[in-house]
Each structure stands twice: as structure tokens, then as C-alpha cells.
Amino acid sequence: MHPDRNFWHGKRVLLTGHTGFKGAWLTLWLNRLGAEVTGISLPPHTSPSLFELTGLQASCQSHYCDIRDAQAIAMLSAKARPEIVFHLAAQPLVRASYQQPLETFSTNIMGSANLLDALRGCDTPRVAVMITTDKVYRNNEWPWPYRENDTLGGHDPYSASKAAAEIVIESYRKSFLAEQGLAVASARAGNVIGGGDWSVDRLIPDAVRAWQAGTTLEIRCPQAVRPWQHVLDPLAGYLVLAQKLWEDAGLAGAYNFGPPSQNAATVREVIELARGEHAEAKVRYDEEDKGPHEAQWLTLETAKTIHNLSFQPILSLADSVQLTMEWYRAQRNGEDSRQLCTQQISAYESVL
């Protein structure tokens with residue numbers, strides 16, 4: 001199954017976190033599909049930002065608002081009268097969560113609760129897709145992929161906050177939203193790469209910054225294993241999930257999105273692929289990570305997603321890295337950011 005233009009054309013969509021990396025890509029794709037998008041988010045937190053470079057302010061009804069402001073979220077949600085909701089707004093960084101734990105917990109837990117409560121009693125929404133992360137599972141550092149019914153948990157505040165958000169999502173679904181005809185799902189994906197991400201403490205953005213500046217990239221935990229994926233793969237999955245929930249509310253629940261578990265790769269493998277796309281790239285690997293705790297081994301089982309949604313990613317790791325590095329190279333050389341995104345979305349759609 002794939003994103004269906006006929007389905008999305010004219011749909012009213014509320015998207016939180018539309019100014020972020022994934023949010024900007026999703027806003028652009030929904031706009032291309034003909035949806036009417038209302039965005040709620042803080043202003044872009046990086047400079048440059050994909051949201052500003054692609055001119056998305058003019059392509060949606062954009063509202064700057066903190067999702068911790070329950071009254072404002074309720075008012076904006078009611079005004080938007082959405083049929084479909086995507087919740088991406090979050091404090092998304094593990095290391096930042098160690099520095100700002102209270103902000104991380106309040107944003108990721110209460111922000112999610114505020115949105116869900118704003119939808120309670122609304123008569124227009126039929127589908128809500130709540131984006132969490134692959135890090136919601138209690139990580140046992142084992143080589144087996146995590147399934148949607150495995151135990152939730154989190155060592156660092158980011159992971160813990162997202163695991164707690166999952167509990168909130170399930171509670172609202174069972175207590176209120178299912179009975180009013182609103183199908184609610186959580187989407188668990190992570191380690192997403194793609195052009196237009198300038199966040200700190202993310203692998204590819206850190207590499208691009210270092211190499212464009214002519215400095216050596218310092219890598220911690222090169223042997224850490226993650227389910228890397230290009231941004232277009234999980235976003236396509238979110239769109240398909242919403243379509244399926246519209247057809248069958250009984251499919252509501254949690255879904256993993258990621259590559260086959262055997263295709264998960266180490267940090268070193270990803271960097272070496274990226275290095276091959278950048279002339280004179282220099283890297284220094286530090287085998288002894290001196291930073292705060294982060295999981296070393298994380299893979300996902302996606303059988304439920306494949307079975308229930310007839311969806312699986314189509315981009316290999318090599319293709320994902322190549323597309324990402326090509327985007328940054330072209331953007332640095334002066335090509336239009338929105339056109340670059342549109343070209344990659346178009347190419348992705350052509351092989352679905």
C-alpha cells in the first residue's frame with residue numbers, strides 16, 4: 001500500500017511539530033497530495049531550518065504555540081476542525097533530555113495529553129497518529145528486535161518520556177476516543193536521516209557540519225546498532241497508517257516502522273557510507289564513549305506493520321545515505337531546498 005492522492009486531496013489535517021525536520025517533510029508531502037494542513041509548533045529551533053528554506057509558512061495554516069499550553073491547543077484544534085491528526089511535536093533529543101529533563105517530560109508527556117484531551121469530544125477527527133520513537137522499549141541490549149507488545153521503559157529522560165506518552169495514548173484511546181469513533185495509533189520509528197536536518201547531536205547533521213567546515217568528525221559509540229531509515233520511508237508509513245485507520249478503526253494500536261531487523265547497521269557503517277559521498281571527509285572514532293548512557297543495540301520487528309498495513313520501507317541503507325548526502329551537497333551548491341525535497345518525494349512515489 002502507498003500514500004493515495006485521491007484519499008488525501010481535500011482532507012483537513014492537523015499536524016503538530018510542522019516546523020521540525022520530519023514535520024516539514026510531512027507538511028510538504030501532504031501539501032503535494034492536496035491536503036489542507038494546519039500546523040501547530042514552536043518556531044524552528046535551528047538555523048537554517050527546512051521549514052523556512054522550503055517556504056512552508058505559505059503552504060499551510062501555521063500557528064506557533066507550545067503544546068504544553070492546554071488551553072491554546074484546545075482552541076487551535078477546535079478551530080482547525082481536523083479530520084486527521086498527526087502529532088510530531090516533541091523534545092526529540094536524547095542528550096538534550098539529560099540537560100533538560102523536566103522540559104522533556106512536560107513536552108513529551110503532557111504535550112501529548114493536551115492534544116489528546118483537545119480531541120476528546122470533538123466530532124470531526126476520525127484518525128490520530130501519535131508519533132513516538134523506537135526507544136520506547138525497555139532496552140535489554142539483546143540482538144532480538146522489539147515487538148509492539150514488548151515491555152515499555154526508558155533509561156534516559158527522552159526514552160522514558162516517550163514510553164510514558166505511549167501509556168497516555170493507550171489510556172485516552174481506551175477511555176475516551178475509541179468510543180467517539182476516533183481511531184488512535186502510535187507510530188514507533190527512529191534514527192531517521194534525510195536532507196534538511198540541522199539538529200545538534202544527530203549523526204548525519206553533525207557529519208555534514210564537520211565536513212563542510214573542513215574539520216574532523218568525532219564519533220562516539222561507533223559500534224552502536226540502530227534501525228536507520230530515510231525520512232520518506234516512515235512518513236509514507238504514517239500516511240498509509242492513517243489511510244488504513246480511516247477504513248478500519250479496529251486497526252488502532254501501536255506500530256513499529258523501520259527496516260528489516262537484519263538490515264540494522266552500526267554508527268560506523270552509516271558514517272563510512274556517508275564518507276564515501278563526501279570528498280576529503282575526516283573521521284575519528286572514539287571506542288570509549290564518555291557521554292551519558294545511550295542504548296547500544298536497538299532493532300525493531302515490523303511484522304505487524306507489514307501484515308496489517310501492507311507496508312514496508314523501500315529504501316536500502318546505502319540508498320538512504322546517498323539521497324541524504326546528495327540533498328546536502330545540492331543545497332550547499334545553491335539549489336532550491338523545496339525543489340530538492342519535491343524531487344526526492346516524486347522519485348520515491350514513482351517506485352511505490
# chains A, B, ... in the order shown; residues from 1 in each chain; ligands from 1
$ residues_around --residues "A:Asp201" --least-positions-apart "3" --cutoff "10 Å" --atoms "only C-alpha atoms" --output "number ranges by chain"
A: 93-96, 198, 204-207
$ select_by_dssp --residues "stretch 74-229 of chain A" --states "strand (DSSP E)" --output "PyMOL selection string"
chain A and resi 84-87+127-131+183-188+192-193+217-220+225-226+229
$ write_last_selection --atoms "C-alpha atoms" --output "PDB file, in the first residue's frame"
ATOM      1  CA  ILE A  84      -6.874  13.514  10.565  1.00  0.00           C
ATOM      2  CA  VAL A  85      -4.246  14.414  13.171  1.00  0.00           C
ATOM      3  CA  PHE A  86      -0.505  13.771  13.138  1.00  0.00           C
ATOM      4  CA  HIS A  87       1.316  14.508  16.392  1.00  0.00           C
ATOM      5  CA  VAL A 127      -7.900   9.354  12.860  1.00  0.00           C
ATOM      6  CA  ALA A 128      -4.987  10.400  15.079  1.00  0.00           C
ATOM      7  CA  VAL A 129      -1.439   9.135  14.501  1.00  0.00           C
ATOM      8  CA  MET A 130       0.778   9.861  17.503  1.00  0.00           C
ATOM      9  CA  ILE A 131       4.485   9.703  16.677  1.00  0.00           C
ATOM     10  CA  ALA A 183      -9.080   5.715  15.772  1.00  0.00           C
ATOM     11  CA  VAL A 184      -5.793   6.411  17.583  1.00  0.00           C
ATOM     12  CA  ALA A 185      -2.455   4.771  16.778  1.00  0.00           C
ATOM     13  CA  SER A 186       1.102   5.325  17.936  1.00  0.00           C
ATOM     14  CA  ALA A 187       3.924   5.099  15.409  1.00  0.00           C
ATOM     15  CA  ARG A 188       7.306   3.998  16.702  1.00  0.00           C
ATOM     16  CA  VAL A 192      15.663   8.856  10.685  1.00  0.00           C
ATOM     17  CA  ILE A 193      18.056  10.507   8.249  1.00  0.00           C
ATOM     18  CA  LEU A 217      34.063  14.389  12.743  1.00  0.00           C
ATOM     19  CA  GLU A 218      34.332  12.960  16.255  1.00  0.00           C
ATOM     20  CA  ILE A 219      32.224   9.792  16.634  1.00  0.00           C
ATOM     21  CA  ARG A 220      31.181   8.259  19.933  1.00  0.00           C
ATOM     22  CA  VAL A 225      23.376  -0.582  16.279  1.00  0.00           C
ATOM     23  CA  ARG A 226      20.233   1.236  15.117  1.00  0.00           C
ATOM     24  CA  GLN A 229      15.944   4.747   7.646  1.00  0.00           C
TER      25      GLN A 229
END
$ atom_distance --atom1 "atom CA of A:Tyr255" --atom2 "atom CA of A:Leu298"
15.8 Å
$ atom_distance --atom1 "atom CA of A:Thr27" --atom2 "atom CA of A:Gly39"
8.2 Å
$ residues_around --residues "stretch 163-178 of chain A" --least-positions-apart "3" --cutoff "6 Å" --atoms "only C-alpha atoms" --output "tab-separated table (two decimals) with all heavy atoms, in the first residue's frame"
chain	number	residue	atom	x	y	z
A	109	ILE	N	5.16	14.18	27.48
A	109	ILE	CA	4.03	13.52	28.14
A	109	ILE	C	2.81	14.43	28.18
A	109	ILE	O	1.78	14.13	27.58
A	109	ILE	CB	4.41	13.08	29.58
A	109	ILE	CG1	5.62	12.14	29.56
A	109	ILE	CG2	3.22	12.39	30.24
A	109	ILE	CD1	6.16	11.82	30.93
A	136	VAL	N	11.04	3.53	22.89
A	136	VAL	CA	10.06	3.39	23.97
A	136	VAL	C	10.19	2.06	24.71
A	136	VAL	O	9.59	1.89	25.77
A	136	VAL	CB	8.61	3.51	23.44
A	136	VAL	CG1	8.37	4.89	22.85
A	136	VAL	CG2	8.29	2.42	22.43
A	152	LEU	N	7.49	-1.61	27.82
A	152	LEU	CA	7.94	-0.23	27.64
A	152	LEU	C	8.89	0.16	28.76
A	152	LEU	O	8.86	-0.40	29.85
A	152	LEU	CB	6.74	0.72	27.62
A	152	LEU	CG	5.69	0.49	26.53
A	152	LEU	CD1	4.52	1.44	26.75
A	152	LEU	CD2	6.30	0.68	25.15
A	153	GLY	N	9.74	1.14	28.48
A	153	GLY	CA	10.67	1.61	29.50
A	153	GLY	C	11.58	2.68	28.93
A	153	GLY	O	11.40	3.13	27.80
A	160	ALA	N	12.25	7.54	28.41
A	160	ALA	CA	11.23	7.36	29.44
A	160	ALA	C	10.01	8.22	29.17
A	160	ALA	O	8.86	7.78	29.37
A	160	ALA	CB	11.82	7.70	30.82
A	181	GLY	N	-15.48	7.24	18.15
A	181	GLY	CA	-15.20	6.96	16.74
A	181	GLY	C	-13.90	7.50	16.23
A	181	GLY	O	-13.70	7.60	15.01
A	182	LEU	N	-12.97	7.84	17.13
A	182	LEU	CA	-11.66	8.34	16.73
A	182	LEU	C	-10.63	7.22	16.87
A	182	LEU	O	-10.37	6.74	17.98
A	182	LEU	CB	-11.26	9.54	17.60
A	182	LEU	CG	-9.86	10.14	17.42
A	182	LEU	CD1	-9.59	10.46	15.96
A	182	LEU	CD2	-9.70	11.38	18.29
A	183	ALA	N	-10.07	6.78	15.77
A	183	ALA	CA	-9.08	5.71	15.77
A	183	ALA	C	-7.70	6.30	16.06
A	183	ALA	O	-7.21	7.14	15.30
A	183	ALA	CB	-9.07	4.99	14.42
$ residues_around --residues "A:Gln331" --least-positions-apart "2" --cutoff "12 Å" --atoms "only C-alpha atoms" --output "NGL selection string"
:A and (48 or 50 or 53-54 or 195-197 or 208 or 212 or 324-329 or 333-341)
$ write_last_selection --atoms "N, CA and C atoms" --output "PDB file, in the first residue's frame"
ATOM      1  N   PRO A  48      20.178  27.088   9.643  1.00  0.00           N
ATOM      2  CA  PRO A  48      18.949  27.156   8.865  1.00  0.00           C
ATOM      3  C   PRO A  48      17.917  26.128   9.342  1.00  0.00           C
ATOM      4  N   LEU A  50      14.606  23.625   7.673  1.00  0.00           N
ATOM      5  CA  LEU A  50      13.951  23.152   6.461  1.00  0.00           C
ATOM      6  C   LEU A  50      12.610  23.854   6.265  1.00  0.00           C
ATOM      7  N   LEU A  53      13.407  27.276   4.772  1.00  0.00           N
ATOM      8  CA  LEU A  53      14.022  27.178   3.449  1.00  0.00           C
ATOM      9  C   LEU A  53      13.031  26.745   2.380  1.00  0.00           C
ATOM     10  N   THR A  54      12.023  25.965   2.754  1.00  0.00           N
ATOM     11  CA  THR A  54      11.043  25.484   1.784  1.00  0.00           C
ATOM     12  C   THR A  54       9.814  26.385   1.681  1.00  0.00           C
ATOM     13  N   GLY A 195      17.842  14.831   4.060  1.00  0.00           N
ATOM     14  CA  GLY A 195      18.274  16.208   3.890  1.00  0.00           C
ATOM     15  C   GLY A 195      17.418  17.183   4.658  1.00  0.00           C
ATOM     16  N   GLY A 196      18.032  18.253   5.145  1.00  0.00           N
ATOM     17  CA  GLY A 196      17.288  19.306   5.820  1.00  0.00           C
ATOM     18  C   GLY A 196      17.253  19.215   7.320  1.00  0.00           C
ATOM     19  N   ASP A 197      17.966  18.269   7.899  1.00  0.00           N
ATOM     20  CA  ASP A 197      18.053  18.160   9.359  1.00  0.00           C
ATOM     21  C   ASP A 197      19.316  18.871   9.806  1.00  0.00           C
ATOM     22  N   VAL A 208      27.752  16.393   8.430  1.00  0.00           N
ATOM     23  CA  VAL A 208      27.690  17.420   7.386  1.00  0.00           C
ATOM     24  C   VAL A 208      28.318  18.716   7.876  1.00  0.00           C
ATOM     25  N   GLN A 212      31.651  20.003   5.980  1.00  0.00           N
ATOM     26  CA  GLN A 212      31.542  21.246   5.221  1.00  0.00           C
ATOM     27  C   GLN A 212      32.464  22.317   5.787  1.00  0.00           C
ATOM     28  N   THR A 324      20.458  11.332   1.171  1.00  0.00           N
ATOM     29  CA  THR A 324      20.690  12.355   2.195  1.00  0.00           C
ATOM     30  C   THR A 324      21.880  13.227   1.859  1.00  0.00           C
ATOM     31  N   MET A 325      22.985  12.601   1.527  1.00  0.00           N
ATOM     32  CA  MET A 325      24.195  13.366   1.242  1.00  0.00           C
ATOM     33  C   MET A 325      24.067  14.158  -0.053  1.00  0.00           C
ATOM     34  N   GLU A 326      23.366  13.609  -1.029  1.00  0.00           N
ATOM     35  CA  GLU A 326      23.111  14.352  -2.279  1.00  0.00           C
ATOM     36  C   GLU A 326      22.295  15.606  -1.987  1.00  0.00           C
ATOM     37  N   TRP A 327      21.324  15.499  -1.084  1.00  0.00           N
ATOM     38  CA  TRP A 327      20.495  16.659  -0.734  1.00  0.00           C
ATOM     39  C   TRP A 327      21.355  17.772  -0.142  1.00  0.00           C
ATOM     40  N   TYR A 328      22.177  17.432   0.845  1.00  0.00           N
ATOM     41  CA  TYR A 328      23.007  18.456   1.486  1.00  0.00           C
ATOM     42  C   TYR A 328      24.001  19.072   0.500  1.00  0.00           C
ATOM     43  N   ARG A 329      24.579  18.243  -0.355  1.00  0.00           N
ATOM     44  CA  ARG A 329      25.548  18.750  -1.328  1.00  0.00           C
ATOM     45  C   ARG A 329      24.879  19.719  -2.306  1.00  0.00           C
ATOM     46  N   ASN A 333      25.275  23.864  -2.724  1.00  0.00           N
ATOM     47  CA  ASN A 333      25.675  24.409  -4.024  1.00  0.00           C
ATOM     48  C   ASN A 333      24.648  25.385  -4.588  1.00  0.00           C
ATOM     49  N   GLY A 334      23.629  25.705  -3.797  1.00  0.00           N
ATOM     50  CA  GLY A 334      22.697  26.745  -4.184  1.00  0.00           C
ATOM     51  C   GLY A 334      21.374  26.287  -4.758  1.00  0.00           C
ATOM     52  N   GLU A 335      21.134  24.979  -4.815  1.00  0.00           N
ATOM     53  CA  GLU A 335      19.860  24.512  -5.353  1.00  0.00           C
ATOM     54  C   GLU A 335      18.740  24.758  -4.342  1.00  0.00           C
ATOM     55  N   ASP A 336      17.525  24.935  -4.853  1.00  0.00           N
ATOM     56  CA  ASP A 336      16.369  25.271  -4.038  1.00  0.00           C
ATOM     57  C   ASP A 336      15.965  24.104  -3.145  1.00  0.00           C
ATOM     58  N   SER A 337      15.821  24.354  -1.859  1.00  0.00           N
ATOM     59  CA  SER A 337      15.539  23.288  -0.890  1.00  0.00           C
ATOM     60  C   SER A 337      14.189  22.639  -1.135  1.00  0.00           C
ATOM     61  N   ARG A 338      13.192  23.444  -1.436  1.00  0.00           N
ATOM     62  CA  ARG A 338      11.856  22.875  -1.669  1.00  0.00           C
ATOM     63  C   ARG A 338      11.859  21.996  -2.914  1.00  0.00           C
ATOM     64  N   GLN A 339      12.541  22.439  -3.947  1.00  0.00           N
ATOM     65  CA  GLN A 339      12.603  21.645  -5.165  1.00  0.00           C
ATOM     66  C   GLN A 339      13.343  20.333  -4.922  1.00  0.00           C
ATOM     67  N   LEU A 340      14.404  20.382  -4.115  1.00  0.00           N
ATOM     68  CA  LEU A 340      15.137  19.159  -3.793  1.00  0.00           C
ATOM     69  C   LEU A 340      14.232  18.160  -3.081  1.00  0.00           C
ATOM     70  N   CYS A 341      13.452  18.637  -2.110  1.00  0.00           N
ATOM     71  CA  CYS A 341      12.530  17.745  -1.391  1.00  0.00           C
ATOM     72  C   CYS A 341      11.469  17.190  -2.328  1.00  0.00           C
TER      73      CYS A 341
END
$ select_by_dssp --residues "stretch 189-271 of chain A" --states "helix (DSSP H, G or I)" --output "count of residues only"
37
$ closest_atom_pairs --of "stretch 288-342 of chain A" --to "stretch 267-280 of chain A" --cutoff "7 Å" --atoms "only C-alpha atoms" --output "tab-separated table"
residue	atom	partner	partner_atom	distance
A:Ala318	CA	A:Leu273	CA	6.7
A:Val321	CA	A:Ala274	CA	6.0
A:Gln322	CA	A:Glu277	CA	6.8
A:Met325	CA	A:Glu277	CA	6.4
$ closest_residue --among "A:Ser320, A:Ser97, A:Thr46, A:Ser62" --to "A:Gly194" --atoms "only C-alpha atoms"
A:Ser320
$ closest_residue --among "A:Cys60, A:Glu36, A:Asn256, A:Gln99" --to "A:Lys135" --atoms "only C-alpha atoms"
A:Asn256
$ closest_residue --among "A:Phe7, A:Thr216, A:Phe311, A:Arg68" --to "A:Glu247" --atoms "only C-alpha atoms"
A:Phe7
$ residues_around --residues "A:Ser261" --least-positions-apart "5" --cutoff "10 Å" --atoms "only C-alpha atoms" --output "list in words"
Pro143, Trp144, Pro145, Tyr146, Arg226, Pro227, Leu298, Thr299, Leu300, Glu301 and Thr302 of chain A
$ closest_residue --among "A:Glu103, A:Asp117, A:Glu141, A:Glu294" --to "A:Ala74" --atoms "only C-alpha atoms"
A:Asp117
$ residues_around --residues "A:Asn108" --least-positions-apart "4" --cutoff "9 Å" --atoms "only C-alpha atoms" --output "PyMOL selection string"
chain A and resi 68+89-92+103-104+112-113+132+158+161-162+164-165
$ write_last_selection --atoms "C-alpha atoms" --output "PDB file, in the first residue's frame"
ATOM      1  CA  ARG A  68       2.189  22.380  26.894  1.00  0.00           C
ATOM      2  CA  ALA A  89       5.773  17.905  18.300  1.00  0.00           C
ATOM      3  CA  ALA A  90       8.305  16.816  20.923  1.00  0.00           C
ATOM      4  CA  GLN A  91      11.625  17.371  22.598  1.00  0.00           C
ATOM      5  CA  PRO A  92      13.334  14.815  20.338  1.00  0.00           C
ATOM      6  CA  GLU A 103      11.124  20.196  29.828  1.00  0.00           C
ATOM      7  CA  THR A 104      11.431  16.814  28.113  1.00  0.00           C
ATOM      8  CA  SER A 112       0.663  14.582  24.099  1.00  0.00           C
ATOM      9  CA  ALA A 113      -2.036  14.506  26.793  1.00  0.00           C
ATOM     10  CA  THR A 132       6.672   8.391  19.482  1.00  0.00           C
ATOM     11  CA  TYR A 158      13.794  11.146  26.443  1.00  0.00           C
ATOM     12  CA  SER A 161       9.088  10.330  28.434  1.00  0.00           C
ATOM     13  CA  LYS A 162       8.116   8.680  25.160  1.00  0.00           C
ATOM     14  CA  ALA A 164       5.102   7.304  29.314  1.00  0.00           C
ATOM     15  CA  ALA A 165       3.450   9.065  26.371  1.00  0.00           C
TER      16      ALA A 165
END
